[in-house]
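Report on the structure given below.
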Amino acid sequence: MNQELPEEARLSPWWRQAVILVMAFGFTLLTVVTVKTYQGAPPIPARVVNPAGQLLFTAEDVNKGQEVFFKYGLMEHGTLWGHGAYLGPDYTAEYLHRLTEIARDTEAGARYGKPFAALTQEQAHSAGEAVKRSLKQNRYDAGTRTLRFTPGEQASLLIQQREWRDYFSGQKSAPGLPLNFIREDNELLHLNAYFAWATWATLAPRPGTQDSYTNNWPFEPLAGNTPTASTYLWSALSLVCLFGGLGLVLFVFGKFDYLGWGKAGGHVHVTEGPLHRWQVTPSQKALGLFFAVVAVLFLLQAAMGGVLAHYRVEPDSFYGFDLAKLLPYNLARTWHLQLAIFWIATSWVAGGLFLAPLVGGAEPKGQRLGVLVLLGALTVVVLGSLSGEALGINDKLGALWFWLGHQGSEYLDLGRFWQLLLAGGLVFWLFLMFRALRPAMKSGKKGELPALFLYAAVAIPLFYLPALFYGPHTNFAIIDNWRFWIIHLWVEGFFELFATVLVAVMFVQMGLVTTRTATRLVYLDAILYLAGGIVGTGHHWYFTGQGTLNMGLASCFSALEVVPLTLLTLDAWDFVRLKDQNCEDCHQPLAAHQKWAIYFLIAVGVWNFVGAGIFGFLINMPIVSYFEIGTSLTANHGHAAMFGVFGMLALGVVFFCLRAIRGDAIWKRAERYVRIGFWGVNIGLGLMIVLDLFPGGVLQLWDAIQNGYWHARRLSFLMGGLYHTLEWIRIAADLTFLLVGAVPLAWAVLLLVFGEKTPRELGETRGPS
């Protein structure tokens, strides 16, 4: 296979231009939505007063309440506007339900002199309708920045001050949290004010509309919160976009039969691929330490997942032991998410550093030292941030909690100082990638692939920057906007694109596809991923303070995200065919040397379709998301997509690199553990979904529709009936994943990294020019 591309073999410039146009169009719309988020975020009143004009709380109280919410990691315990963790309640939905109950009692007392429960049916209907009308009015005066509460809202504020104080610091601890978790009365008062403001935003109509700032979320018919007309309309239109997009792309694929990994356009002998002729360089050997870190972090992350699952069946104890004293739920979940990001990103970073010299043709001077420096920086960020998060939620860092402790936003929990170090480390990684790829980019002999490799790497630190665009007092609607620029756009968009380039480079180096085929597929995936994925970011913002423009754009474009995920089933089949393909001359399997890397890529294709495609689309429609957000169906999608796609690919990269670094003798010892682990993690993940997350999510969704969202999120529902039984049954899935999957894979990695080296391995020093 000729790696030098003659002029006639190069791709049309329209591929590159199409990617640029898609990105420009997508980011234009996403910027418009972000600007409108700033303009239309629910206002924080300077003063909140009672009907007589007496002060109840101020904007400063709300801001301090948000500090308390973030500092103690409460978003990793419950949710706010549907976003966060799943053991605690949704604080806004719970506050809203109690507000409705208290307001009805207040109205009944004022009208009839008795509590609401003692009213006749006719009286109860009249009082209930009066409460709905009262709550669904926006009494905020933008000129004076004053919000006037009704008598029912005032009574609710005072009663819920006591109730939330009891919840967080009463005689009985909150589920999964230590006793007396929040001790300061002022902090609890501020937190209650924050909940009151956030709940007001779910009720008050946005000026000029009949819908609240959260598009009438959460579902609480007693307060008049039901789905908006826009929620129904755009759900229907998103289906039109889905079928239209699928039809168009399948037509294109049918017309151009050269699209796909299976269309290699040539073949090589097993021993003639670039990877087989390459001698491992010092920097590539040093990357084994990165993969050892990956193994340890993966094991810890899986163990944290087991802890979280047990909290869902016994929130007050761990088989009789008070685990919350040492490892409360919010800390365990923080570490579970952070460790997942750390080990997956570490694998991909190391994979990029392994492949860059192969593409560039030689190892730059001092590359090994740079790799070790980057490993040291990674270690500091991981240990520092995890320790800081533990100290932060225990209120041990004082005013430095935001910088060194728990920043409080789900997935972006690490303190701002650690975020800055991480961003710096990514920039240094980019520098190491550039110096290794530069020779190939200058020569042009390998086409556009080296440049695409670098550009995809540039996107990683560049699109992490939105994590720095907000502070602890920023309006929550704006925080959530930037948070999903990271969670969706960075992780699911540009990390996905970088992953595609990694796979393309891996296949070229194995000799399985031509550079032309790999480059074309990178461009194709970029067009398909980004066409829906950029604007589709907004499907996370349906009910977090954005208007109907975002709902319309996001619902349609996020439906298009299913299109490339559907085509990934074709990728999986291509990988199967490549795995089984034999050399036409020597009749040996082309991919035999990298069999397990291919197996993990097959798993990526399958789980991308199932986890991101099917389960993602299931919860992306506005009307489904309205009832479902923050339930087990969200976790169902998260597990199948996060580990099934990114985790499987990370493991594929690990074993691709280690197979190339180590010799046959040590590989034969490790391969049995790789085989067991591969099937263990896939079967374990499948059982998690089949036994618990999907059926449990459907039960919780049905309860939310029947009884209100608040009811489906209460502990009484989580700890009762078939739902709780399914949570117990899940232990079979978790044990399979951990003991049959994660442990053997981690052991295989450590064996390959630290196992005895042969004289030949010790003598390898550098790759050819």
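Chains: A, B, ... in order of the structure tokens. Residues: from 1 per chain. Ligands: from 1, in order shown.
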
Give me the residues within 12 Å of A:Ser443 as an MDAnalysis selection string, counting only C-alpha atoms and dropping any in the same chain fewer than 5 places off. chainID A and resid 4:5 359:361 437:438 448 450:451

File of the preceding selection, N, CA, C and O atoms, as a PDB file, in the first residue's frame:
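Writing done, so here's result-v4.pdb:
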ATOM      1  N   GLU A   4       2.503   7.361   0.101  1.00  0.00           N
ATOM      2  CA  GLU A   4       2.702   8.661  -0.515  1.00  0.00           C
ATOM      3  C   GLU A   4       1.573   8.900  -1.512  1.00  0.00           C
ATOM      4  O   GLU A   4       1.320   8.084  -2.396  1.00  0.00           O
ATOM      5  N   LEU A   5       0.910  10.036  -1.389  1.00  0.00           N
ATOM      6  CA  LEU A   5      -0.284  10.268  -2.179  1.00  0.00           C
ATOM      7  C   LEU A   5       0.042  11.111  -3.406  1.00  0.00           C
ATOM      8  O   LEU A   5       0.423  12.273  -3.276  1.00  0.00           O
ATOM      9  N   VAL A 359       3.118   8.564  12.753  1.00  0.00           N
ATOM     10  CA  VAL A 359       2.654   9.373  11.626  1.00  0.00           C
ATOM     11  C   VAL A 359       3.754  10.316  11.166  1.00  0.00           C
ATOM     12  O   VAL A 359       3.993  10.487   9.961  1.00  0.00           O
ATOM     13  N   GLY A 360       4.447  10.918  12.135  1.00  0.00           N
ATOM     14  CA  GLY A 360       5.506  11.861  11.792  1.00  0.00           C
ATOM     15  C   GLY A 360       6.732  11.214  11.180  1.00  0.00           C
ATOM     16  O   GLY A 360       7.486  11.857  10.453  1.00  0.00           O
ATOM     17  N   GLY A 361       6.979   9.931  11.477  1.00  0.00           N
ATOM     18  CA  GLY A 361       8.100   9.216  10.876  1.00  0.00           C
ATOM     19  C   GLY A 361       9.299   9.074  11.778  1.00  0.00           C
ATOM     20  O   GLY A 361      10.191   8.275  11.492  1.00  0.00           O
ATOM     21  N   LEU A 437       4.251  15.492  14.893  1.00  0.00           N
ATOM     22  CA  LEU A 437       3.554  15.439  13.611  1.00  0.00           C
ATOM     23  C   LEU A 437       4.121  16.397  12.575  1.00  0.00           C
ATOM     24  O   LEU A 437       3.857  16.248  11.372  1.00  0.00           O
ATOM     25  N   ARG A 438       4.891  17.376  13.011  1.00  0.00           N
ATOM     26  CA  ARG A 438       5.354  18.424  12.107  1.00  0.00           C
ATOM     27  C   ARG A 438       6.109  17.897  10.886  1.00  0.00           C
ATOM     28  O   ARG A 438       5.865  18.372   9.767  1.00  0.00           O
ATOM     29  N   GLU A 448      -3.431  14.673   4.032  1.00  0.00           N
ATOM     30  CA  GLU A 448      -3.989  15.576   5.036  1.00  0.00           C
ATOM     31  C   GLU A 448      -4.122  14.939   6.403  1.00  0.00           C
ATOM     32  O   GLU A 448      -4.451  15.627   7.375  1.00  0.00           O
ATOM     33  N   PRO A 450      -2.035  13.750   8.782  1.00  0.00           N
ATOM     34  CA  PRO A 450      -1.292  14.322   9.917  1.00  0.00           C
ATOM     35  C   PRO A 450      -1.862  15.651  10.392  1.00  0.00           C
ATOM     36  O   PRO A 450      -1.951  15.912  11.596  1.00  0.00           O
ATOM     37  N   ALA A 451      -2.252  16.506   9.428  1.00  0.00           N
ATOM     38  CA  ALA A 451      -2.823  17.802   9.811  1.00  0.00           C
ATOM     39  C   ALA A 451      -4.163  17.620  10.516  1.00  0.00           C
ATOM     40  O   ALA A 451      -4.452  18.297  11.518  1.00  0.00           O
TER      41      ALA A 451
END

DSSP alpha helix (DSSP H) residues within stretch 353-600 of chain A, listed as a ChimeraX atom specification: /A:353-360,367-393,401-404,416-443,449-462,476-484,496-510,515-536,548-560,562-580,595-600

Could you tell me how far atom CA of A:His83 sits from atom CA of A:Asn636, in Å to one decimal place? 14.8 Å

Determine the nearest neighbour of A:Pro466 from the options A:Thr34, A:Pro282, A:Trp728, A:Ala24, counting only C-alpha atoms. A:Thr34

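Coordinates place atom CA of A:Val535 at a distance of 22.3 Å from atom CA of A:Trp14.
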
For a quick check of understanding, using only C-alpha atoms, which of A:Gly40, A:Gly630, A:Gly388, A:Gly376 has the smallest distance to A:Leu400?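 Distance minimum relative to A:Leu400 lands on A:Gly388.
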
Among stretch 26-153 of chain A, which ones does DSSP assign to strand (DSSP E or B) (computed from the backbone)? Answer as a PyMOL selection string. chain A and resi 47-49+55-58+79-80+83-84+90+140-141+146-148

If you keep all heavy atoms, can you produce a file of those selected residues as a short mmCIF file (atom, residue, chain, number, x, y, z; two decimals), in the first residue's frame?
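Below you can see out_32.cif, which holds the result:
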data_model
loop_
_atom_site.label_atom_id
_atom_site.label_comp_id
_atom_site.auth_asym_id
_atom_site.auth_seq_id
_atom_site.Cartn_x
_atom_site.Cartn_y
_atom_site.Cartn_z
N ARG A 47 -34.54 42.32 45.75
CA ARG A 47 -35.30 42.21 46.99
C ARG A 47 -36.50 41.31 46.74
O ARG A 47 -37.20 41.45 45.73
CB ARG A 47 -35.78 43.58 47.48
CG ARG A 47 -34.66 44.57 47.75
CD ARG A 47 -35.18 45.99 47.99
NE ARG A 47 -35.92 46.10 49.24
CZ ARG A 47 -37.23 46.28 49.31
NH1 ARG A 47 -37.95 46.37 48.20
NH2 ARG A 47 -37.82 46.37 50.48
N VAL A 48 -36.79 40.41 47.67
CA VAL A 48 -38.03 39.63 47.66
C VAL A 48 -38.80 40.03 48.91
O VAL A 48 -38.27 39.94 50.03
CB VAL A 48 -37.74 38.12 47.65
CG1 VAL A 48 -39.05 37.33 47.70
CG2 VAL A 48 -36.95 37.73 46.40
N VAL A 49 -40.04 40.48 48.71
CA VAL A 49 -40.82 41.02 49.83
C VAL A 49 -42.14 40.27 49.95
O VAL A 49 -42.58 39.58 49.01
CB VAL A 49 -41.10 42.53 49.64
CG1 VAL A 49 -39.79 43.31 49.58
CG2 VAL A 49 -41.93 42.78 48.37
N LEU A 55 -39.22 42.87 53.83
CA LEU A 55 -38.16 42.12 53.17
C LEU A 55 -38.12 40.67 53.67
O LEU A 55 -38.12 40.41 54.88
CB LEU A 55 -36.80 42.79 53.45
CG LEU A 55 -35.59 42.18 52.74
CD1 LEU A 55 -35.69 42.37 51.23
CD2 LEU A 55 -34.30 42.80 53.27
N LEU A 56 -38.05 39.73 52.71
CA LEU A 56 -37.90 38.31 53.03
C LEU A 56 -36.48 37.83 52.78
O LEU A 56 -35.88 37.18 53.63
CB LEU A 56 -38.89 37.47 52.21
CG LEU A 56 -40.38 37.72 52.46
CD1 LEU A 56 -41.24 36.91 51.51
CD2 LEU A 56 -40.72 37.38 53.91
N PHE A 57 -35.94 38.12 51.62
CA PHE A 57 -34.53 37.83 51.34
C PHE A 57 -34.07 38.66 50.15
O PHE A 57 -34.88 39.31 49.47
CB PHE A 57 -34.27 36.34 51.11
CG PHE A 57 -35.04 35.71 49.96
CD1 PHE A 57 -34.53 35.72 48.66
CD2 PHE A 57 -36.26 35.08 50.18
CE1 PHE A 57 -35.22 35.13 47.62
CE2 PHE A 57 -36.95 34.48 49.14
CZ PHE A 57 -36.43 34.52 47.85
N THR A 58 -32.78 38.66 49.90
CA THR A 58 -32.18 39.52 48.87
C THR A 58 -31.42 38.68 47.84
O THR A 58 -31.25 37.47 47.99
CB THR A 58 -31.20 40.52 49.51
OG1 THR A 58 -30.09 39.78 50.05
CG2 THR A 58 -31.86 41.31 50.61
N THR A 79 -30.88 16.93 42.34
CA THR A 79 -30.85 17.71 41.12
C THR A 79 -31.49 19.08 41.32
O THR A 79 -32.26 19.29 42.25
CB THR A 79 -31.61 17.00 39.98
OG1 THR A 79 -32.93 16.68 40.42
CG2 THR A 79 -30.91 15.72 39.56
N LEU A 80 -31.15 19.99 40.43
CA LEU A 80 -31.79 21.30 40.36
C LEU A 80 -32.19 21.52 38.91
O LEU A 80 -31.34 21.41 38.01
CB LEU A 80 -30.84 22.41 40.83
CG LEU A 80 -31.54 23.75 41.05
CD1 LEU A 80 -31.69 24.03 42.54
CD2 LEU A 80 -30.78 24.90 40.40
N HIS A 83 -31.10 18.53 36.69
CA HIS A 83 -29.72 18.17 36.40
C HIS A 83 -28.95 17.89 37.68
O HIS A 83 -28.98 18.68 38.62
CB HIS A 83 -29.03 19.30 35.63
CG HIS A 83 -29.56 19.48 34.24
ND1 HIS A 83 -29.38 18.55 33.26
CD2 HIS A 83 -30.30 20.48 33.69
CE1 HIS A 83 -29.97 18.97 32.14
NE2 HIS A 83 -30.54 20.13 32.39
N GLY A 84 -28.26 16.75 37.71
CA GLY A 84 -27.47 16.38 38.87
C GLY A 84 -27.51 14.88 39.11
O GLY A 84 -27.52 14.08 38.18
N ASP A 90 -35.15 16.08 43.54
CA ASP A 90 -34.93 17.31 42.78
C ASP A 90 -35.37 18.45 43.69
O ASP A 90 -36.55 18.53 44.06
CB ASP A 90 -35.73 17.33 41.48
CG ASP A 90 -35.47 18.61 40.70
OD1 ASP A 90 -36.17 19.61 40.95
OD2 ASP A 90 -34.54 18.61 39.88
N TYR A 140 -42.61 39.96 39.44
CA TYR A 140 -41.29 40.61 39.48
C TYR A 140 -41.36 41.94 38.73
O TYR A 140 -41.82 42.02 37.59
CB TYR A 140 -40.25 39.71 38.82
CG TYR A 140 -38.89 40.35 38.70
CD1 TYR A 140 -38.12 40.60 39.84
CD2 TYR A 140 -38.37 40.70 37.46
CE1 TYR A 140 -36.87 41.19 39.73
CE2 TYR A 140 -37.12 41.28 37.34
CZ TYR A 140 -36.37 41.52 38.48
OH TYR A 140 -35.13 42.10 38.37
N ASP A 141 -40.91 43.00 39.40
CA ASP A 141 -40.86 44.34 38.81
C ASP A 141 -39.42 44.59 38.37
O ASP A 141 -38.52 44.80 39.20
CB ASP A 141 -41.28 45.38 39.85
CG ASP A 141 -41.36 46.79 39.27
OD1 ASP A 141 -40.69 47.05 38.26
OD2 ASP A 141 -42.08 47.62 39.85
N THR A 146 -37.65 44.10 42.20
CA THR A 146 -38.32 43.60 43.40
C THR A 146 -39.33 42.52 43.02
O THR A 146 -40.09 42.68 42.06
CB THR A 146 -39.06 44.75 44.13
OG1 THR A 146 -38.09 45.74 44.53
CG2 THR A 146 -39.78 44.23 45.37
N LEU A 147 -39.32 41.44 43.78
CA LEU A 147 -40.28 40.35 43.59
C LEU A 147 -41.18 40.30 44.81
O LEU A 147 -40.70 40.27 45.94
CB LEU A 147 -39.54 39.01 43.42
CG LEU A 147 -40.42 37.75 43.42
CD1 LEU A 147 -41.39 37.77 42.25
CD2 LEU A 147 -39.54 36.50 43.38
N ARG A 148 -42.50 40.31 44.56
CA ARG A 148 -43.46 40.27 45.66
C ARG A 148 -44.05 38.87 45.77
O ARG A 148 -44.65 38.37 44.83
CB ARG A 148 -44.56 41.30 45.44
CG ARG A 148 -45.50 41.50 46.63
CD ARG A 148 -46.51 42.61 46.34
NE ARG A 148 -45.84 43.88 46.10
CZ ARG A 148 -45.48 44.73 47.07
NH1 ARG A 148 -45.73 44.44 48.32
NH2 ARG A 148 -44.88 45.86 46.77
#

Nearest-residue call for A:Gln160, choices A:Thr199, A:Thr100, A:Asn192, A:Gln17, using only C-alpha atoms: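 Among A:Thr199, A:Thr100, A:Asn192, A:Gln17, it is A:Asn192 that comes nearest to A:Gln160.
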
Please list as an NGL selection string every residue within 7 Å of stretch 638-640 of chain A, counting only C-alpha atoms and excluding residues in the same chain fewer than 3 positions away. :A and (607 or 611 or 634-635 or 643-644)

Pull the closest atom pair for each residue of stretch 609-679 of chain A that gets at most 10 Å from stretch 232-255 of chain A, along with the distance in Å to one decimal, counting only C-alpha atoms, ordering rows by chain and then ascending residue number, as a tab-separated table.
residue	atom	partner	partner_atom	distance
A:Phe617	CA	A:Leu242	CA	9.6
A:Asn620	CA	A:Ser235	CA	8.9
A:Met621	CA	A:Ser235	CA	5.3
A:Pro622	CA	A:Ser235	CA	5.5
A:Ile623	CA	A:Tyr232	CA	6.0
A:Val624	CA	A:Ser235	CA	8.4
A:Ser625	CA	A:Ser235	CA	9.9

Residues just named, written with C-alpha atoms as a PDB file, in the first residue's frame:
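Full text of result_39.pdb as output:
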ATOM      1  CA  PHE A 617     -32.900   9.660  21.159  1.00  0.00           C
ATOM      2  CA  ASN A 620     -33.906  13.727  23.708  1.00  0.00           C
ATOM      3  CA  MET A 621     -37.440  14.443  22.519  1.00  0.00           C
ATOM      4  CA  PRO A 622     -38.719  17.437  24.510  1.00  0.00           C
ATOM      5  CA  ILE A 623     -41.926  15.737  25.646  1.00  0.00           C
ATOM      6  CA  VAL A 624     -40.034  12.676  26.929  1.00  0.00           C
ATOM      7  CA  SER A 625     -37.304  14.773  28.511  1.00  0.00           C
TER       8      SER A 625
END

From the list A:Gln66, A:Gln706, A:Gln154, A:Gln39, the nearest residue to A:Ser409 using only C-alpha atoms is A:Gln66

A:Leu502, A:Val645, A:Ile44, A:Ile661: which is nearest A:Phe291, counting only C-alpha atoms?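 Smallest distance to A:Phe291 is found for A:Ile661.
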
Extract, using only C-alpha atoms, all DNA, RNA and protein residues at most 8 Å from stretch 709-721 of chain A, discarding same-chain residues fewer than 2 positions from it, and format them as a list in words.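 So, after excluding close chain neighbours, the residues are Tyr86, Leu87, Gly88, Pro89, Asp90, Ala93, Glu94, His97, Pro218, Phe219, Glu220, Arg312, Val313, Phe627, Thr631, Gln700, Leu701, Asp703, Ala704, Ile705, Asn707, Tyr723, His724 and Thr725 of chain A.
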
Atom CA of A:Ile534 to atom CA of A:Leu337, distance in Å rounded to a single decimal: 23.0 Å

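Within 10 Å of A:Trp164, once only C-alpha atoms are used and residues closer than 3 positions along the same chain are dropped, the contacting residues are Tyr91, Tyr95, Ile159, Gln160, Gln161, Tyr167, Phe168, Ser169, Gly170, Ala174, Leu188, Leu189, Leu191, Asn192 and Phe195 of chain A.
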
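Shortest separation to A:Glu363 among A:Met433, A:Leu691, A:Ala660, A:Ile614 occurs at residue A:Met433, atoms counted being only C-alpha atoms.
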
Find the residues around A:Lys325 up to 7 Å (only C-alpha atoms counted), leave out those fewer than 3 positions away in its own chain, and share them as an MDAnalysis selection string. chainID A and resid 178 322 328

I'd like the contact shell of A:Trp490 - 12 Å cut-off, only C-alpha atoms, skipping same-chain residues fewer than 3 positions apart - returned as a VMD selection string. chain A and resid 341 345 411 456 to 467 482 to 487 493 to 498 530 533 to 534 537
